[in-house]
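Source file protein27.tsv; content: TSV, C-alpha atoms.
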```
chain	number	residue	atom	x	y	z
C	244	MET	CA	-10.34	-9.24	-44.78
C	245	PRO	CA	-12.30	-8.29	-41.64
C	246	ARG	CA	-9.73	-10.20	-39.62
C	247	ALA	CA	-6.88	-8.06	-41.03
C	248	ILE	CA	-8.73	-4.87	-40.12
C	249	SER	CA	-9.32	-6.01	-36.55
C	250	LEU	CA	-5.65	-7.01	-36.20
C	251	VAL	CA	-4.54	-3.55	-37.40
C	252	ALA	CA	-6.99	-1.89	-35.01
C	253	LEU	CA	-5.76	-4.07	-32.14
C	254	LEU	CA	-2.12	-3.18	-32.86
C	255	ALA	CA	-2.98	0.53	-33.03
C	256	LEU	CA	-4.77	0.35	-29.67
C	257	ALA	CA	-1.84	-1.52	-28.12
C	258	ALA	CA	0.61	1.11	-29.38
C	259	ALA	CA	-1.58	3.91	-28.02
C	260	GLY	CA	-1.75	2.11	-24.67
C	261	CYS	CA	2.04	1.98	-24.49
C	262	ASP	CA	2.22	5.78	-24.67
C	263	ALA	CA	-0.38	6.06	-21.90
C	264	GLN	CA	1.79	3.79	-19.71
C	265	LYS	CA	4.85	6.06	-19.99
C	266	PRO	CA	6.31	6.51	-16.51
C	267	PRO	CA	5.90	9.95	-14.94
C	268	ALA	CA	8.79	12.42	-14.85
C	269	ARG	CA	11.12	12.02	-11.88
C	270	GLY	CA	13.75	14.06	-10.08
C	271	THR	CA	16.78	12.71	-8.24
C	272	VAL	CA	16.48	12.64	-4.46
C	273	ARG	CA	19.61	11.95	-2.47
C	274	GLY	CA	21.51	13.57	0.37
C	275	ARG	CA	22.80	13.21	3.89
C	276	VAL	CA	21.31	13.51	7.37
C	277	THR	CA	23.42	14.69	10.30
C	278	LEU	CA	22.81	15.57	13.93
C	279	GLY	CA	25.42	18.05	15.06
C	280	ALA	CA	28.46	17.06	13.03
C	281	LYS	CA	27.72	13.30	13.19
C	282	PRO	CA	25.91	11.23	10.56
C	283	VAL	CA	22.54	9.83	11.57
C	284	THR	CA	22.39	6.05	11.21
C	285	GLY	CA	19.81	3.40	12.01
C	286	ALA	CA	17.04	5.59	10.64
C	287	THR	CA	14.91	6.14	7.55
C	288	VAL	CA	14.04	9.33	5.64
C	289	LEU	CA	10.38	9.59	4.58
C	290	PHE	CA	9.22	11.96	1.80
C	291	THR	CA	5.47	12.67	1.55
C	292	ASN	CA	3.56	14.73	-1.02
C	293	ALA	CA	0.09	15.25	0.46
C	294	GLU	CA	-1.24	16.73	-2.79
C	295	THR	CA	-0.43	13.69	-4.94
C	296	GLY	CA	-0.42	11.01	-2.24
C	297	VAL	CA	3.14	9.95	-3.10
C	298	ALA	CA	5.18	8.72	-0.13
C	299	MET	CA	8.60	7.06	-0.35
C	300	ASN	CA	11.29	6.23	2.15
C	301	ALA	CA	15.01	5.55	1.99
C	302	PRO	CA	17.33	4.05	4.61
C	303	LEU	CA	20.36	5.95	5.87
C	304	ASP	CA	23.75	4.28	5.42
C	305	ARG	CA	26.71	4.40	7.84
C	306	ASP	CA	27.59	7.89	6.68
C	307	GLY	CA	24.01	9.19	7.00
C	308	ARG	CA	23.54	9.17	3.21
C	309	TYR	CA	20.38	8.12	1.37
C	310	GLU	CA	18.99	7.85	-2.14
C	311	VAL	CA	15.31	7.37	-3.01
C	312	LYS	CA	14.76	4.46	-5.43
C	313	SER	CA	11.80	2.25	-6.25
C	314	HIS	CA	10.64	-0.19	-8.88
C	315	LEU	CA	9.67	2.89	-10.94
C	316	GLY	CA	13.26	4.15	-10.95
C	317	ALA	CA	15.42	6.56	-9.00
C	318	GLY	CA	13.96	9.71	-7.48
C	319	LEU	CA	10.45	11.09	-7.00
C	320	PRO	CA	7.85	12.80	-9.17
C	321	PRO	CA	8.34	16.59	-9.16
C	322	GLY	CA	6.56	18.47	-6.38
C	323	LYS	CA	6.75	19.69	-2.80
C	324	TYR	CA	7.41	17.11	-0.09
C	325	THR	CA	7.42	17.15	3.69
C	326	VAL	CA	10.18	15.08	5.26
C	327	ALA	CA	10.48	12.97	8.40
C	328	VAL	CA	13.45	11.09	9.82
C	329	THR	CA	12.23	8.02	11.69
C	330	PRO	CA	14.13	5.53	13.86
C	331	GLY	CA	14.65	2.09	12.37
C	332	GLY	CA	15.62	0.94	8.95
C	333	VAL	CA	14.21	-0.61	5.82
C	334	MET	CA	15.07	-4.26	5.23
C	335	THR	CA	17.17	-4.94	2.19
C	336	PRO	CA	16.82	-8.13	0.13
C	337	ASP	CA	20.03	-9.62	1.59
C	338	GLU	CA	18.78	-9.29	5.20
C	339	GLU	CA	16.84	-11.96	7.04
C	340	GLY	CA	13.63	-10.90	8.76
C	341	PRO	CA	12.68	-11.85	12.32
C	342	LEU	CA	10.74	-15.07	12.81
C	343	ALA	CA	7.09	-14.76	13.76
C	344	GLY	CA	6.76	-14.40	17.52
C	345	ASP	CA	10.32	-13.11	17.86
C	346	ALA	CA	9.38	-9.41	17.93
C	347	LYS	CA	11.31	-8.77	21.15
C	348	ALA	CA	14.56	-9.97	19.54
C	349	ALA	CA	13.81	-7.89	16.44
C	350	ARG	CA	13.37	-4.74	18.54
C	351	ALA	CA	16.63	-5.44	20.35
C	352	LYS	CA	18.52	-5.48	17.02
C	353	LEU	CA	17.36	-1.98	16.07
C	354	PRO	CA	20.14	0.51	16.81
C	355	ALA	CA	19.25	3.41	19.02
C	356	THR	CA	19.00	6.62	17.05
C	357	PRO	CA	19.64	10.09	18.41
C	358	VAL	CA	16.96	11.67	16.20
C	359	PRO	CA	14.84	14.05	18.32
C	360	ASP	CA	11.13	13.17	18.45
C	361	LYS	CA	10.03	16.27	16.51
C	362	PHE	CA	11.70	14.87	13.34
C	363	HIS	CA	9.81	11.55	13.53
C	364	LYS	CA	6.71	13.08	11.90
C	365	ALA	CA	6.52	15.22	8.76
C	366	GLU	CA	3.92	17.45	10.44
C	367	THR	CA	6.35	18.48	13.18
C	368	SER	CA	9.78	18.17	11.53
C	369	GLY	CA	9.74	21.49	9.67
C	370	LEU	CA	11.69	19.77	6.88
C	371	THR	CA	10.53	20.30	3.28
C	372	VAL	CA	11.98	19.93	-0.21
C	373	GLU	CA	10.90	20.79	-3.72
C	374	VAL	CA	11.82	18.10	-6.21
C	375	LYS	CA	12.31	19.30	-9.77
C	376	GLU	CA	12.39	17.06	-12.84
C	377	GLY	CA	15.86	15.70	-13.65
C	378	ASP	CA	18.98	16.08	-11.56
C	379	ASN	CA	18.56	17.92	-8.23
C	380	PRO	CA	21.29	19.05	-5.85
C	381	PRO	CA	21.58	16.86	-2.73
C	382	PHE	CA	18.90	17.38	-0.10
C	383	ASP	CA	21.00	17.46	3.07
C	384	PHE	CA	19.36	17.77	6.48
C	385	ALA	CA	21.38	19.07	9.46
C	386	LEU	CA	19.13	18.22	12.41
C	387	ALA	CA	19.32	20.21	15.62
C	388	PRO	CA	18.50	18.81	19.07
```

Would you mind writing the file's structure down as C-alpha cells?
Amino acid sequence: MPRAISLVALLALAAAGCDAQKPPARGTVRGRVTLGAKPVTGATVLFTNAETGVAMNAPLDRDGRYEVKSHLGAGLPPGKYTVAVTPGGVMTPDEEGPLAGDAKAARAKLPATPVPDKFHKAETSGLTVEVKEGDNPPFDFALAP
C-alpha cells in the first residue's frame, strides 16, 4: 500500500510541474524595414527588453520583412522593447557556415547594407515597440539617413 500512495503523490507532483512549465504569453512580432522607399536587406532586427533580459533577433528577407520566431514559438513576451537594425544576417539551417580560418571570405560574402550607424545599437536608434499578448499589428520601421 505505501507504494501506491507514493506513486499517486509522484503523479500529482508531475502534473503540478507541467502547469509550472507552461510557456509564457507571447505577442506576434513581424513587420518591414525600409530606408527611403527601398527595403533594407542583408541586415538583422534585434529586439531587447532590458527589464526582463529578453533579446531576440530576426533576419530581413529580400523585401525587408521579418518575423520573430524561436524554439518557444512565434513572437515575444509582452513588454516594451528597444530595437536595433544591424548589418549582417542570421544563418539559416540550409546555409553552410564558413570554414575555420576563412573569416576573410565570410566577411566578403556579407552584403553591404545602407543602414546608418545610429540604427546599429538600440541605445541610439530611437526605435521602440510595445508588444501586447496575442496578435499585434506589423511593426514597420521607415529608417531615415

Could you tell me how far CA of His363 in chain C lies from CA of Gly377 in chain C, in Å and to one decimal?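 Rounded to one decimal, the two atoms are 28.2 Å apart.
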
Atom-to-atom span, CA of Thr291 in chain C and CA of Asp304 in chain C, Å: 20.5 Å

Which residue out of C:Pro267, C:Ala301, C:Val326, C:Asp306 has the minimum interatomic distance to Leu370 in chain C when all atoms listed in the file are used?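 Looking only at the distances to Leu370 in chain C, the closest residue turns out to be C:Val326.
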
Which is closest to Pro320 in chain C among C:Val374, C:Val283, C:Val288, C:Val358, if we use all atoms listed in the file? C:Val374

For CA of Ala280 in chain C and CA of Glu310 in chain C, determine how far apart the two atoms are, in Å to one decimal place.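 According to the coordinates, CA of Ala280 in chain C and CA of Glu310 in chain C are separated by 20.1 Å.
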
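Between Pro321 in chain C and the residues C:Leu278, C:Ala387, C:Ala268, C:Met299, the shortest atom-to-atom distance, using only C-alpha atoms, involves C:Ala268.
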
Answer as a list of chain:residue names, residues within 8 Å of (8.7, 10.0, 14.6) using all atoms listed in the file: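 Within the cut-off we find C:Ala327, C:Val328, C:Thr329, C:Pro330, C:Asp360, C:Lys361, C:Phe362, C:His363, C:Lys364.
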
Using all atoms listed in the file, the residue out of C:Pro388, C:Leu289, C:Ala298, C:Pro381 with shortest distance to Ala365 in chain C is C:Leu289

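Of the listed residues (C:Tyr324, C:Leu303, C:Ser368, C:Leu319), C:Leu303 comes nearest to Val276 in chain C; the distances count all atoms listed in the file.
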
Using only C-alpha atoms, determine which residues lie at most 10 Å from Ala293 in chain C, disregarding the query and same-chain residues fewer than 2 positions distant; provide the list as an MDAnalysis selection string. chainID C and resid 290:291 295:298 322:325

Using only the atoms of range 369-373 of chain C listed in the file, plus 4 Å on each side, state the axis-aligned box centre and edge lengths in Å rounded to one decimal, as AutoDock Vina command-line options.
```
--center_x 10.9 --center_y 20.6 --center_z 3.0 --size_x 10.2 --size_y 9.7 --size_z 21.4
```

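Ranking C:Leu386, C:Pro357, C:Gly270, C:Glu376 by their shortest atom-to-atom distance to Gly318 in chain C, with all atoms listed in the file included, puts C:Gly270 first.
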
Supply range 369-380 of chain C as an mmCIF file, keeping the file's coordinate frame, with all heavy atoms built in where the input has gaps.
```cif
data_model
loop_
_atom_site.group_PDB
_atom_site.id
_atom_site.type_symbol
_atom_site.label_atom_id
_atom_site.label_comp_id
_atom_site.auth_asym_id
_atom_site.auth_seq_id
_atom_site.Cartn_x
_atom_site.Cartn_y
_atom_site.Cartn_z
ATOM 1 N N GLY C 369 9.351 20.217 10.284
ATOM 2 C CA GLY C 369 9.740 21.490 9.670
ATOM 3 C C GLY C 369 10.627 21.302 8.441
ATOM 4 O O GLY C 369 11.123 22.270 7.874
ATOM 5 N N LEU C 370 10.835 20.055 8.022
ATOM 6 C CA LEU C 370 11.690 19.770 6.880
ATOM 7 C C LEU C 370 10.847 19.642 5.608
ATOM 8 O O LEU C 370 9.863 18.902 5.584
ATOM 9 C CB LEU C 370 12.463 18.461 7.092
ATOM 10 C CG LEU C 370 13.317 18.376 8.352
ATOM 11 C CD1 LEU C 370 13.904 16.977 8.495
ATOM 12 C CD2 LEU C 370 14.419 19.420 8.331
ATOM 13 N N THR C 371 11.234 20.368 4.564
ATOM 14 C CA THR C 371 10.530 20.300 3.280
ATOM 15 C C THR C 371 11.547 20.371 2.145
ATOM 16 O O THR C 371 12.645 20.902 2.323
ATOM 17 C CB THR C 371 9.521 21.454 3.099
ATOM 18 O OG1 THR C 371 10.219 22.693 3.144
ATOM 19 C CG2 THR C 371 8.434 21.427 4.159
ATOM 20 N N VAL C 372 11.165 19.826 1.004
ATOM 21 C CA VAL C 372 11.980 19.930 -0.210
ATOM 22 C C VAL C 372 11.064 20.127 -1.397
ATOM 23 O O VAL C 372 9.888 19.771 -1.349
ATOM 24 C CB VAL C 372 12.859 18.671 -0.456
ATOM 25 C CG1 VAL C 372 13.843 18.460 0.668
ATOM 26 C CG2 VAL C 372 12.017 17.443 -0.684
ATOM 27 N N GLU C 373 11.613 20.707 -2.453
ATOM 28 C CA GLU C 373 10.900 20.790 -3.720
ATOM 29 C C GLU C 373 11.718 20.037 -4.755
ATOM 30 O O GLU C 373 12.833 20.434 -5.084
ATOM 31 C CB GLU C 373 10.644 22.215 -4.173
ATOM 32 C CG GLU C 373 9.822 22.235 -5.443
ATOM 33 C CD GLU C 373 9.257 23.603 -5.796
ATOM 34 O OE1 GLU C 373 9.419 24.547 -4.995
ATOM 35 O OE2 GLU C 373 8.662 23.714 -6.869
ATOM 36 N N VAL C 374 11.148 18.933 -5.224
ATOM 37 C CA VAL C 374 11.820 18.100 -6.210
ATOM 38 C C VAL C 374 11.475 18.628 -7.600
ATOM 39 O O VAL C 374 10.305 18.825 -7.929
ATOM 40 C CB VAL C 374 11.370 16.622 -6.072
ATOM 41 C CG1 VAL C 374 11.996 15.761 -7.163
ATOM 42 C CG2 VAL C 374 11.719 16.095 -4.693
ATOM 43 N N LYS C 375 12.498 18.859 -8.387
ATOM 44 C CA LYS C 375 12.310 19.300 -9.770
ATOM 45 C C LYS C 375 12.667 18.129 -10.684
ATOM 46 O O LYS C 375 13.434 17.246 -10.316
ATOM 47 C CB LYS C 375 13.193 20.500 -10.069
ATOM 48 C CG LYS C 375 12.873 21.689 -9.165
ATOM 49 C CD LYS C 375 13.377 22.976 -9.746
ATOM 50 C CE LYS C 375 13.202 24.129 -8.789
ATOM 51 N NZ LYS C 375 11.901 24.640 -8.645
ATOM 52 N N GLU C 376 12.108 18.132 -11.890
ATOM 53 C CA GLU C 376 12.390 17.060 -12.840
ATOM 54 C C GLU C 376 13.872 17.045 -13.185
ATOM 55 O O GLU C 376 14.506 18.093 -13.324
ATOM 56 C CB GLU C 376 11.557 17.269 -14.108
ATOM 57 C CG GLU C 376 11.707 16.150 -15.113
ATOM 58 C CD GLU C 376 10.815 16.307 -16.328
ATOM 59 O OE1 GLU C 376 9.870 17.125 -16.294
ATOM 60 O OE2 GLU C 376 11.075 15.609 -17.313
ATOM 61 N N GLY C 377 14.449 15.843 -13.300
ATOM 62 C CA GLY C 377 15.860 15.700 -13.650
ATOM 63 C C GLY C 377 16.770 15.644 -12.446
ATOM 64 O O GLY C 377 16.377 15.201 -11.373
ATOM 65 N N ASP C 378 17.980 16.138 -12.622
ATOM 66 C CA ASP C 378 18.980 16.080 -11.560
ATOM 67 C C ASP C 378 18.776 17.239 -10.583
ATOM 68 O O ASP C 378 18.697 18.395 -10.982
ATOM 69 C CB ASP C 378 20.377 16.143 -12.177
ATOM 70 C CG ASP C 378 21.455 15.724 -11.216
ATOM 71 O OD1 ASP C 378 21.171 14.891 -10.335
ATOM 72 O OD2 ASP C 378 22.587 16.217 -11.342
ATOM 73 N N ASN C 379 18.694 16.923 -9.292
ATOM 74 C CA ASN C 379 18.560 17.920 -8.230
ATOM 75 C C ASN C 379 19.838 17.918 -7.401
ATOM 76 O O ASN C 379 20.511 16.891 -7.293
ATOM 77 C CB ASN C 379 17.377 17.565 -7.316
ATOM 78 C CG ASN C 379 16.049 17.841 -7.972
ATOM 79 O OD1 ASN C 379 15.649 18.970 -8.128
ATOM 80 N ND2 ASN C 379 15.347 16.782 -8.375
ATOM 81 N N PRO C 380 20.167 19.051 -6.790
ATOM 82 C CA PRO C 380 21.290 19.050 -5.850
ATOM 83 C C PRO C 380 20.928 18.172 -4.653
ATOM 84 O O PRO C 380 19.744 17.909 -4.416
ATOM 85 C CB PRO C 380 21.441 20.516 -5.447
ATOM 86 C CG PRO C 380 20.129 21.130 -5.738
ATOM 87 C CD PRO C 380 19.510 20.349 -6.870
#
```
